[in-house]
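my_file.cif (mmCIF, C-alpha atoms)
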```
data_target
#
loop_
_atom_site.label_atom_id
_atom_site.label_comp_id
_atom_site.auth_asym_id
_atom_site.auth_seq_id
_atom_site.Cartn_x
_atom_site.Cartn_y
_atom_site.Cartn_z
CA MET T 1 0.00 0.00 0.00
CA PRO T 2 1.33 3.49 -0.77
CA ARG T 3 2.36 5.54 2.21
CA LYS T 4 0.02 8.39 3.04
CA GLY T 5 1.66 11.78 3.35
CA LEU T 6 2.90 14.60 1.20
CA TRP T 7 2.37 12.83 -2.13
CA HIS T 8 -0.63 10.61 -1.27
CA ARG T 9 -3.41 10.47 -3.83
CA ARG T 10 -7.08 10.27 -3.01
CA GLY T 11 -9.25 7.69 -4.69
CA ALA T 12 -10.36 7.53 -8.31
CA GLU T 13 -12.99 10.17 -7.66
CA SER T 14 -10.25 12.82 -7.97
CA ARG T 15 -9.69 12.02 -11.63
CA PRO T 16 -10.11 15.18 -13.72
CA LEU T 17 -13.13 15.72 -15.91
CA GLY T 18 -12.96 14.24 -19.38
CA ARG T 19 -9.95 11.97 -18.88
CA THR T 20 -11.22 8.50 -19.73
CA ALA T 21 -8.02 6.49 -19.31
CA ALA T 22 -5.50 7.50 -16.69
CA ARG T 23 -1.88 6.80 -17.52
CA PRO T 24 -0.34 4.51 -14.90
CA PRO T 25 2.38 6.33 -12.95
CA ARG T 26 5.78 4.76 -12.65
CA GLY T 27 6.61 2.90 -9.50
CA GLY T 28 9.88 3.13 -7.61
CA ARG T 29 11.50 3.74 -4.30
CA ARG T 30 9.40 5.14 -1.48
CA GLY T 31 9.82 8.69 -0.30
CA ALA T 32 11.25 10.07 -3.53
CA GLN T 33 10.06 13.45 -4.79
CA PRO T 34 8.13 13.88 -8.04
CA LYS T 35 10.02 14.77 -11.18
CA VAL T 36 8.55 18.07 -12.38
CA VAL T 37 9.14 19.84 -15.69
CA ALA T 38 8.00 23.46 -16.02
CA LEU T 39 7.71 25.08 -19.44
CA GLY T 40 7.43 28.77 -20.27
CA GLY T 41 9.51 31.91 -20.26
CA GLY T 42 9.96 35.29 -18.67
CA MET T 43 8.48 36.29 -15.34
CA GLY T 44 5.67 33.74 -15.54
CA LEU T 45 8.07 30.82 -15.62
CA SER T 46 10.16 32.45 -12.90
CA ALA T 47 7.09 32.61 -10.65
CA SER T 48 6.33 28.95 -11.28
CA LEU T 49 9.93 27.85 -10.62
CA THR T 50 10.19 29.90 -7.44
CA ALA T 51 7.12 28.06 -6.18
CA LEU T 52 8.01 24.59 -7.44
CA ARG T 53 11.52 24.54 -5.96
CA ARG T 54 9.85 24.81 -2.55
CA ILE T 55 8.09 21.46 -2.96
CA THR T 56 10.39 19.28 -5.07
CA GLY T 57 14.12 18.85 -5.50
CA ASP T 58 13.75 17.25 -8.93
CA LEU T 59 12.88 20.18 -11.17
CA THR T 60 13.67 21.03 -14.80
CA ALA T 61 12.79 24.24 -16.62
CA VAL T 62 12.31 24.18 -20.39
CA VAL T 63 12.55 27.73 -21.68
CA THR T 64 11.42 29.45 -24.87
CA VAL T 65 14.13 30.99 -27.09
CA ALA T 66 12.23 33.47 -29.28
CA ASP T 67 13.06 36.70 -27.43
CA ASP T 68 14.39 39.46 -29.68
CA GLY T 69 14.38 42.50 -27.40
CA GLY T 70 16.69 44.22 -24.94
CA SER T 71 20.03 42.71 -23.99
CA SER T 72 19.01 39.30 -25.35
CA GLY T 73 18.10 40.74 -28.73
CA ARG T 74 21.35 42.66 -28.99
CA LEU T 75 23.46 39.59 -28.16
CA ARG T 76 21.41 37.51 -30.55
CA ASP T 77 21.87 39.98 -33.41
CA GLU T 78 25.56 40.59 -32.76
CA LEU T 79 26.75 37.05 -32.00
CA GLY T 80 24.10 34.81 -33.56
CA VAL T 81 23.42 33.07 -30.24
CA LEU T 82 20.26 31.93 -28.53
CA PRO T 83 18.63 34.78 -26.59
CA PRO T 84 19.85 34.15 -23.02
CA GLY T 85 17.46 36.39 -21.08
CA ASP T 86 14.66 33.96 -20.25
CA LEU T 87 17.22 31.25 -19.46
CA ARG T 88 18.92 33.66 -17.05
CA LYS T 89 15.64 34.50 -15.35
CA ALA T 90 14.89 30.81 -14.87
CA LEU T 91 18.31 30.19 -13.32
CA ALA T 92 17.84 33.14 -10.97
CA ALA T 93 14.43 31.81 -9.92
CA LEU T 94 16.00 28.48 -9.02
CA CYS T 95 18.52 30.08 -6.65
CA GLY T 96 17.98 29.26 -3.01
CA ASP T 97 16.81 31.56 -0.25
CA ASP T 98 20.12 31.40 1.63
CA GLU T 99 22.82 34.08 1.36
CA TRP T 100 24.59 32.30 -1.53
CA GLY T 101 21.42 31.95 -3.54
CA ARG T 102 20.18 35.49 -2.93
CA THR T 103 23.57 36.96 -3.79
CA TRP T 104 24.01 35.07 -7.04
CA SER T 105 20.41 35.69 -8.07
CA GLU T 106 21.02 39.42 -7.71
CA VAL T 107 24.37 39.22 -9.52
CA VAL T 108 23.07 37.43 -12.63
CA GLN T 109 20.07 39.76 -12.77
CA HIS T 110 22.21 42.90 -12.39
CA ARG T 111 22.16 45.25 -15.38
CA PHE T 112 24.90 47.71 -16.23
CA THR T 113 24.05 51.38 -16.52
CA SER T 114 26.41 53.38 -18.68
CA GLU T 115 26.75 55.58 -21.73
CA GLY T 116 28.56 52.82 -23.60
CA ALA T 117 27.97 49.46 -25.22
CA LEU T 118 27.43 47.64 -21.91
CA HIS T 119 24.36 49.70 -21.05
CA ASP T 120 21.40 47.52 -20.04
CA HIS T 121 23.25 44.23 -20.54
CA ALA T 122 22.54 41.74 -17.75
CA VAL T 123 25.55 40.08 -16.12
CA GLY T 124 23.91 36.67 -16.42
CA ASN T 125 23.35 37.09 -20.15
CA LEU T 126 27.05 37.80 -20.70
CA LEU T 127 28.09 34.87 -18.49
CA ILE T 128 25.82 32.42 -20.30
CA VAL T 129 26.92 33.55 -23.77
CA ALA T 130 30.61 33.43 -22.74
CA LEU T 131 30.23 29.81 -21.64
CA TRP T 132 28.38 28.94 -24.83
CA GLU T 133 31.30 30.29 -26.83
CA GLN T 134 33.88 28.56 -24.64
CA LEU T 135 32.19 25.15 -24.50
CA GLY T 136 30.19 25.05 -27.73
CA ASP T 137 27.43 23.25 -25.85
CA HIS T 138 24.23 24.99 -24.73
CA VAL T 139 23.18 22.39 -22.19
CA ARG T 140 26.58 21.90 -20.58
CA ALA T 141 27.07 25.65 -20.24
CA LEU T 142 23.70 26.14 -18.55
CA ASP T 143 24.41 23.23 -16.23
CA LEU T 144 27.69 24.90 -15.21
CA VAL T 145 25.97 28.21 -14.53
CA GLY T 146 23.38 26.37 -12.47
CA LYS T 147 26.13 24.68 -10.48
CA LEU T 148 27.82 28.02 -9.81
CA LEU T 149 24.53 29.52 -8.61
CA GLY T 150 23.59 26.50 -6.55
CA ALA T 151 20.38 26.31 -8.56
CA HIS T 152 17.67 24.01 -7.22
CA GLY T 153 16.98 22.47 -10.61
CA ARG T 154 18.08 22.38 -14.22
CA VAL T 155 17.44 24.88 -17.03
CA LEU T 156 17.21 23.83 -20.69
CA PRO T 157 16.34 25.73 -23.88
CA MET T 158 13.41 24.26 -25.80
CA SER T 159 15.46 24.44 -29.01
CA ALA T 160 19.12 25.02 -29.85
CA VAL T 161 18.10 27.23 -32.80
CA PRO T 162 17.30 30.94 -32.32
CA LEU T 163 13.63 31.29 -33.21
CA GLU T 164 11.43 34.10 -34.39
CA LEU T 165 7.79 34.49 -33.49
CA GLU T 166 5.32 35.42 -36.22
CA ALA T 167 1.69 36.24 -35.45
CA LEU T 168 -1.46 36.66 -37.46
CA VAL T 169 -3.03 39.79 -35.95
CA ARG T 170 -6.40 41.38 -36.53
CA GLY T 171 -6.27 45.18 -36.34
CA HIS T 172 -2.52 45.58 -35.92
CA ASP T 173 -2.95 48.83 -37.82
CA PRO T 174 -5.57 50.78 -35.82
CA ARG T 175 -6.70 52.48 -39.02
CA HIS T 176 -7.88 49.09 -40.31
CA PRO T 177 -9.37 47.28 -37.29
CA GLY T 178 -10.76 44.38 -39.30
CA GLU T 179 -7.66 43.71 -41.38
CA LEU T 180 -5.45 40.67 -40.80
CA SER T 181 -1.71 41.16 -40.99
CA ARG T 182 1.45 39.23 -40.12
CA VAL T 183 3.63 40.61 -37.35
CA ARG T 184 7.20 39.30 -36.95
CA GLY T 185 9.20 39.32 -33.70
CA GLN T 186 8.43 38.63 -30.04
CA VAL T 187 8.54 42.29 -29.02
CA ALA T 188 6.27 43.36 -31.87
CA VAL T 189 3.78 40.60 -31.06
CA ALA T 190 3.80 41.44 -27.35
CA LEU T 191 3.10 45.12 -28.03
CA THR T 192 0.59 44.84 -30.87
CA PRO T 193 -2.54 46.98 -30.41
CA GLY T 194 -4.48 44.36 -32.38
CA GLU T 195 -5.84 40.93 -31.43
CA VAL T 196 -3.49 38.01 -31.97
CA GLN T 197 -5.25 35.19 -33.79
CA ARG T 198 -2.49 32.64 -34.11
CA VAL T 199 1.30 32.34 -33.83
CA VAL T 200 3.94 30.28 -35.63
CA LEU T 201 7.68 29.88 -35.24
CA VAL T 202 10.29 30.71 -37.87
CA PRO T 203 11.83 28.35 -38.86
CA GLY T 204 8.62 26.36 -38.79
CA ASP T 205 10.00 22.95 -37.83
CA PRO T 206 12.71 23.67 -35.25
CA PRO T 207 14.53 20.78 -33.57
CA ALA T 208 13.95 20.33 -29.86
CA VAL T 209 16.84 20.01 -27.43
CA PRO T 210 17.02 16.22 -26.79
CA GLU T 211 17.48 16.70 -23.04
CA ALA T 212 14.23 18.72 -22.94
CA VAL T 213 12.33 15.97 -24.73
CA GLU T 214 13.83 13.37 -22.39
CA ALA T 215 12.88 15.40 -19.32
CA VAL T 216 9.25 15.67 -20.44
CA LEU T 217 9.00 11.96 -21.20
CA ASP T 218 10.55 11.06 -17.84
CA ALA T 219 8.49 13.48 -15.73
CA ASP T 220 5.82 12.76 -13.17
CA TRP T 221 4.27 16.21 -13.62
CA VAL T 222 4.50 18.78 -16.41
CA VAL T 223 3.50 22.40 -15.71
CA LEU T 224 2.83 24.77 -18.63
CA GLY T 225 2.44 28.47 -17.81
CA PRO T 226 1.89 31.02 -16.49
CA GLY T 227 3.50 33.56 -18.79
CA SER T 228 3.04 35.67 -21.90
CA TRP T 229 0.56 33.41 -23.64
CA PHE T 230 1.54 33.80 -27.29
CA SER T 231 5.25 34.51 -26.83
CA SER T 232 6.25 32.32 -23.85
CA VAL T 233 3.67 29.56 -23.38
CA ILE T 234 2.31 28.51 -26.78
CA PRO T 235 5.74 28.46 -28.55
CA HIS T 236 6.56 25.21 -26.72
CA LEU T 237 3.65 23.60 -28.55
CA LEU T 238 5.07 24.71 -31.92
CA VAL T 239 8.26 22.63 -31.60
CA PRO T 240 7.12 19.29 -33.12
CA GLU T 241 9.37 16.97 -31.08
CA LEU T 242 8.51 18.76 -27.86
CA LEU T 243 4.77 18.66 -28.59
CA ASP T 244 5.02 14.95 -29.39
CA ALA T 245 6.71 14.40 -26.03
CA LEU T 246 4.04 16.42 -24.22
CA VAL T 247 1.33 14.29 -25.85
CA ALA T 248 3.12 10.97 -25.27
CA THR T 249 4.42 11.47 -21.73
CA ARG T 250 2.96 9.47 -18.89
CA ALA T 251 3.24 12.56 -16.70
CA ARG T 252 0.23 14.40 -15.37
CA ARG T 253 -0.14 17.89 -16.82
CA VAL T 254 -1.07 21.23 -15.24
CA LEU T 255 -1.97 24.36 -17.20
CA SER T 256 -1.29 27.36 -14.95
CA LEU T 257 -3.22 30.45 -16.04
CA ASN T 258 -2.18 34.08 -15.77
CA LEU T 259 -3.55 36.42 -13.14
CA ALA T 260 -4.68 38.99 -15.71
CA PRO T 261 -4.64 39.63 -19.46
CA GLN T 262 -1.40 41.06 -20.81
CA PRO T 263 -1.81 44.49 -22.41
CA GLY T 264 -1.24 44.14 -26.14
CA GLU T 265 -0.69 40.41 -26.47
CA THR T 266 -3.85 39.15 -24.74
CA ASP T 267 -5.66 42.38 -23.96
CA GLY T 268 -9.28 41.63 -23.10
CA PHE T 269 -8.81 37.84 -22.92
CA SER T 270 -10.87 35.96 -20.35
CA PRO T 271 -9.36 32.92 -18.59
CA GLN T 272 -11.39 30.63 -20.84
CA ARG T 273 -10.14 32.46 -23.95
CA HIS T 274 -6.57 31.61 -22.91
CA VAL T 275 -7.58 27.94 -22.81
CA GLU T 276 -9.37 28.13 -26.15
CA VAL T 277 -6.37 29.54 -28.05
CA LEU T 278 -4.15 26.85 -26.56
CA VAL T 279 -6.59 24.20 -27.82
CA GLN T 280 -6.49 25.89 -31.23
CA HIS T 281 -2.70 25.56 -31.39
CA ALA T 282 -2.43 22.01 -29.96
CA PRO T 283 -5.78 20.22 -30.28
CA LYS T 284 -4.34 16.78 -29.39
CA LEU T 285 -2.75 17.87 -26.13
CA ALA T 286 -4.70 16.98 -22.99
CA PHE T 287 -4.27 18.27 -19.44
CA ASP T 288 -5.33 16.99 -16.06
CA VAL T 289 -5.71 20.27 -14.20
CA VAL T 290 -6.21 23.93 -15.11
CA LEU T 291 -5.02 26.11 -12.21
CA ALA T 292 -6.36 29.66 -11.87
CA ASP T 293 -6.53 32.31 -9.19
CA GLN T 294 -10.05 32.24 -7.84
CA ALA T 295 -10.31 36.05 -7.84
CA ALA T 296 -9.31 36.23 -11.53
CA VAL T 297 -12.17 34.03 -12.80
CA PRO T 298 -15.44 35.96 -13.00
CA ASP T 299 -17.20 33.16 -14.93
CA GLN T 300 -16.20 29.86 -13.37
CA GLU T 301 -18.66 27.78 -15.39
CA SER T 302 -17.28 29.05 -18.72
CA LEU T 303 -13.75 28.20 -17.61
CA ARG T 304 -14.84 24.71 -16.58
CA ARG T 305 -16.41 24.13 -19.99
CA ALA T 306 -13.24 25.35 -21.72
CA ALA T 307 -11.10 23.11 -19.51
CA GLU T 308 -13.21 20.10 -20.45
CA ARG T 309 -11.97 20.54 -24.02
CA LEU T 310 -8.50 19.76 -22.62
CA GLY T 311 -9.82 16.81 -20.63
CA ALA T 312 -9.06 18.79 -17.48
CA GLY T 313 -10.68 19.76 -14.24
CA VAL T 314 -10.32 23.24 -12.76
CA GLU T 315 -8.54 24.09 -9.52
CA LEU T 316 -9.26 27.55 -8.15
CA ALA T 317 -6.88 28.81 -5.49
CA PRO T 318 -5.66 32.14 -4.10
CA VAL T 319 -2.24 32.40 -5.77
CA ALA T 320 -1.85 36.17 -6.29
CA ALA T 321 0.18 38.42 -4.02
CA ARG T 322 -2.42 40.47 -2.23
CA GLY T 323 -2.08 44.24 -2.15
CA ASP T 324 1.15 44.11 -4.17
CA ARG T 325 1.58 45.90 -7.47
CA SER T 326 5.38 45.79 -7.59
CA VAL T 327 5.61 44.54 -11.16
CA PRO T 328 6.15 47.40 -13.66
CA GLY T 329 2.87 48.64 -15.05
CA GLY T 330 0.95 47.62 -11.96
CA SER T 331 0.45 44.01 -13.06
CA PRO T 332 -0.41 41.51 -10.34
CA ARG T 333 2.18 38.90 -9.47
CA HIS T 334 2.06 35.40 -8.04
CA ASP T 335 2.85 34.82 -4.40
CA PRO T 336 5.51 32.06 -4.29
CA GLU T 337 4.19 30.49 -1.09
CA LEU T 338 0.57 30.51 -2.23
CA LEU T 339 1.46 29.15 -5.66
CA ALA T 340 3.62 26.46 -4.04
CA ALA T 341 0.70 25.47 -1.81
CA ALA T 342 -1.57 25.20 -4.86
CA TYR T 343 0.89 23.01 -6.76
CA ASP T 344 1.48 20.89 -3.67
CA ARG T 345 -2.25 20.29 -3.26
CA ILE T 346 -2.64 19.38 -6.94
CA PHE T 347 0.29 16.97 -6.82
CA ARG T 348 -1.10 15.31 -3.69
CA MET T 349 -4.71 15.08 -4.77
CA HIS T 350 -4.55 14.22 -8.48
CA GLY T 351 -3.27 11.25 -10.35
CA ARG T 352 -1.07 9.39 -7.86
CA ILE T 353 -1.54 5.68 -7.24
CA GLY T 354 1.88 4.59 -5.97
CA PRO T 355 5.02 6.18 -4.57
CA TRP T 356 7.22 8.37 -6.72
CA ARG T 357 10.51 6.91 -7.84
#
```
The structure given in the file should be rewritten as structure tokens.
Amino acid sequence: MPRKGLWHRRGAESRPLGRTAARPPRGGRRGAQPKVVALGGGMGLSASLTALRRITGDLTAVVTVADDGGSSGRLRDELGVLPPGDLRKALAALCGDDEWGRTWSEVVQHRFTSEGALHDHAVGNLLIVALWEQLGDHVRALDLVGKLLGAHGRVLPMSAVPLELEALVRGHDPRHPGELSRVRGQVAVALTPGEVQRVVLVPGDPPAVPEAVEAVLDADWVVLGPGSWFSSVIPHLLVPELLDALVATRARRVLSLNLAPQPGETDGFSPQRHVEVLVQHAPKLAFDVVLADQAAVPDQESLRRAAERLGAGVELAPVAARGDRSVPGGSPRHDPELLAAAYDRIFRMHGRIGPWR
């Protein structure tokens, strides 16, 4: 009999809506922690990682590589490298809460301020790119940076090829609100005044990093989101080998929704609209749980119906930092402890039959 405790599962009644055949979890040694893979980019992924490292020691981040702005865009244009910014943010989020972790997190996030070429470059971006050039190996370099930082997990790019994001946008030109046009570049997509209809990657069939595919296939739980929906979340579903792994994995899957629409990219989107566009981009991908902040869902029944299209149930939990508008622009942010508690409850109550490895 499985031991009751942190990772104990309730009975079959906890199976999410719409999932007709549960994948059997792997067995293994008692007391081990679940293997968790989190996919995304930017501050959304950082929030998820900061929460997840509190509840598991076996954590891998798979990060989008389509950024073309700021320090990352400059390094990408000048050196032809992957944009390092979202990878850096993920590594910083995995730093511990002790003095070593806090110090190194601040160091890699530090940006230079000057009148010269170093202005606005992040220290971590330069460190990552230097190791890429020295070692010629994206994964090994990121592993070394993680070791230096004492990161509580591993960070991997979703692809070893620098990617561009291209969106089909309605009303990108405000003078022609009904017109469809193509918008190229992550920054341009994120800031469009129009409504994004669909996104693709350029090149259109990018290879996935093998270690990222392996991590997804070997996971117990996969968490997608939160984050910029069209530029950080959905791009993972546009890498064919990675999507195939997400469909084939025996892991349980959580879709973690944003706290609010993102001005420009998802302006005016309801929580259920976020789910619907994900279904549009990856109709064969099922989930077990859709996690949302209970205060951010004005129409719970509509979200439940949308989640059913993913084969998922809905978990509503207070995960936003209350009374805090510290993110630029006044956007709400996730509270790491509350988000960790929500993930912990999901992991305990959904989909577990036996002990983790």
Which one is closest to Gln280 of chain T: T:Ala312, T:Leu257, T:Leu237, T:Val183? Count all atoms listed in the file.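 Checking each of T:Ala312, T:Leu257, T:Leu237, T:Val183 against Gln280 of chain T, counting all atoms listed in the file, the winner is T:Leu237.
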Using only C-alpha atoms, which protein or nucleic acid residues come within 8 Å of segment 287-291 of chain T? Drop anything in the same chain fewer than 2 positions from it, and give the result as a VMD selection string. chain T and resid 15 to 17 19 252 to 257 285 293 307 310 to 317 346
Got time to write the residues from that selection, C-alpha atoms, as a PDB file, in the frame of the given file?
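Saved to result.pdb:
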```
ATOM      1  CA  ARG T  15      -9.690  12.020 -11.630  1.00  0.00           C
ATOM      2  CA  PRO T  16     -10.110  15.180 -13.720  1.00  0.00           C
ATOM      3  CA  LEU T  17     -13.130  15.720 -15.910  1.00  0.00           C
ATOM      4  CA  ARG T  19      -9.950  11.970 -18.880  1.00  0.00           C
ATOM      5  CA  ARG T 252       0.230  14.400 -15.370  1.00  0.00           C
ATOM      6  CA  ARG T 253      -0.140  17.890 -16.820  1.00  0.00           C
ATOM      7  CA  VAL T 254      -1.070  21.230 -15.240  1.00  0.00           C
ATOM      8  CA  LEU T 255      -1.970  24.360 -17.200  1.00  0.00           C
ATOM      9  CA  SER T 256      -1.290  27.360 -14.950  1.00  0.00           C
ATOM     10  CA  LEU T 257      -3.220  30.450 -16.040  1.00  0.00           C
ATOM     11  CA  LEU T 285      -2.750  17.870 -26.130  1.00  0.00           C
ATOM     12  CA  ASP T 293      -6.530  32.310  -9.190  1.00  0.00           C
ATOM     13  CA  ALA T 307     -11.100  23.110 -19.510  1.00  0.00           C
ATOM     14  CA  LEU T 310      -8.500  19.760 -22.620  1.00  0.00           C
ATOM     15  CA  GLY T 311      -9.820  16.810 -20.630  1.00  0.00           C
ATOM     16  CA  ALA T 312      -9.060  18.790 -17.480  1.00  0.00           C
ATOM     17  CA  GLY T 313     -10.680  19.760 -14.240  1.00  0.00           C
ATOM     18  CA  VAL T 314     -10.320  23.240 -12.760  1.00  0.00           C
ATOM     19  CA  GLU T 315      -8.540  24.090  -9.520  1.00  0.00           C
ATOM     20  CA  LEU T 316      -9.260  27.550  -8.150  1.00  0.00           C
ATOM     21  CA  ALA T 317      -6.880  28.810  -5.490  1.00  0.00           C
ATOM     22  CA  ILE T 346      -2.640  19.380  -6.940  1.00  0.00           C
TER      23      ILE T 346
END
```
I'd like to know which of T:Leu149, T:Met158, T:Ala66, T:Leu82 is closest to Val108 of chain T, using all atoms listed in the file.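 Using all atoms listed in the file, Val108 of chain T sits closest to T:Leu149.
The shortest atom-to-atom distance to Gln272 of chain T, with only C-alpha atoms taken into account, belongs to T:Arg309 out of T:Lys284, T:Arg102, T:Arg309, T:Arg76.
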Exactly which residues make up the result of the PyMOL selection byres ((chain T and resi 239) around 8) on this file, given as an mmCIF file with C-alpha atoms, in the frame of the given file?
```cif
data_model
loop_
_atom_site.group_PDB
_atom_site.id
_atom_site.type_symbol
_atom_site.label_atom_id
_atom_site.label_comp_id
_atom_site.auth_asym_id
_atom_site.auth_seq_id
_atom_site.Cartn_x
_atom_site.Cartn_y
_atom_site.Cartn_z
ATOM 1 C CA MET T 158 13.410 24.260 -25.800
ATOM 2 C CA SER T 159 15.460 24.440 -29.010
ATOM 3 C CA ASP T 205 10.000 22.950 -37.830
ATOM 4 C CA PRO T 206 12.710 23.670 -35.250
ATOM 5 C CA PRO T 207 14.530 20.780 -33.570
ATOM 6 C CA ALA T 208 13.950 20.330 -29.860
ATOM 7 C CA PRO T 235 5.740 28.460 -28.550
ATOM 8 C CA HIS T 236 6.560 25.210 -26.720
ATOM 9 C CA LEU T 237 3.650 23.600 -28.550
ATOM 10 C CA LEU T 238 5.070 24.710 -31.920
ATOM 11 C CA PRO T 240 7.120 19.290 -33.120
ATOM 12 C CA GLU T 241 9.370 16.970 -31.080
ATOM 13 C CA LEU T 242 8.510 18.760 -27.860
ATOM 14 C CA LEU T 243 4.770 18.660 -28.590
#
```
Can you spell out as a ChimeraX atom specification the set of residues that the PyMOL selection byres ((chain T and resi 201) around 6) selects in the structure I just provided? /T:164-165,200,202-204
Would you please work out which residue, of T:Gly225, T:Gly268, T:Pro162, T:Gly185, is nearest to Gly80 of chain T when using all atoms listed in the file? T:Pro162
For Val63 of chain T, find every residue with an atom within 12 Å (counting all atoms listed in the file), except residues of its own chain fewer than 6 positions away, and show them as a ChimeraX atom specification. /T:37-46,49,82-91,139,142,154-160,208-209,212,224-225,227,231-237,239,242
Matched chain/residue IDs from the PyMOL selection byres ((chain T and resi 251) around 6), as a PyMOL selection string: chain T and resi 219-221+249-250+252
Looking at T:Val275, T:Leu148, T:Ala130, T:Val222, which one is nearest to Thr103 of chain T, with distances taken over all atoms listed in the file?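 Among the listed residues, T:Leu148 lies closest to Thr103 of chain T.
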Selected residue of minimal separation from Arg54 of chain T among T:Gly96, T:His274, T:Glu78, T:Asp67, counting all atoms listed in the file: T:Gly96
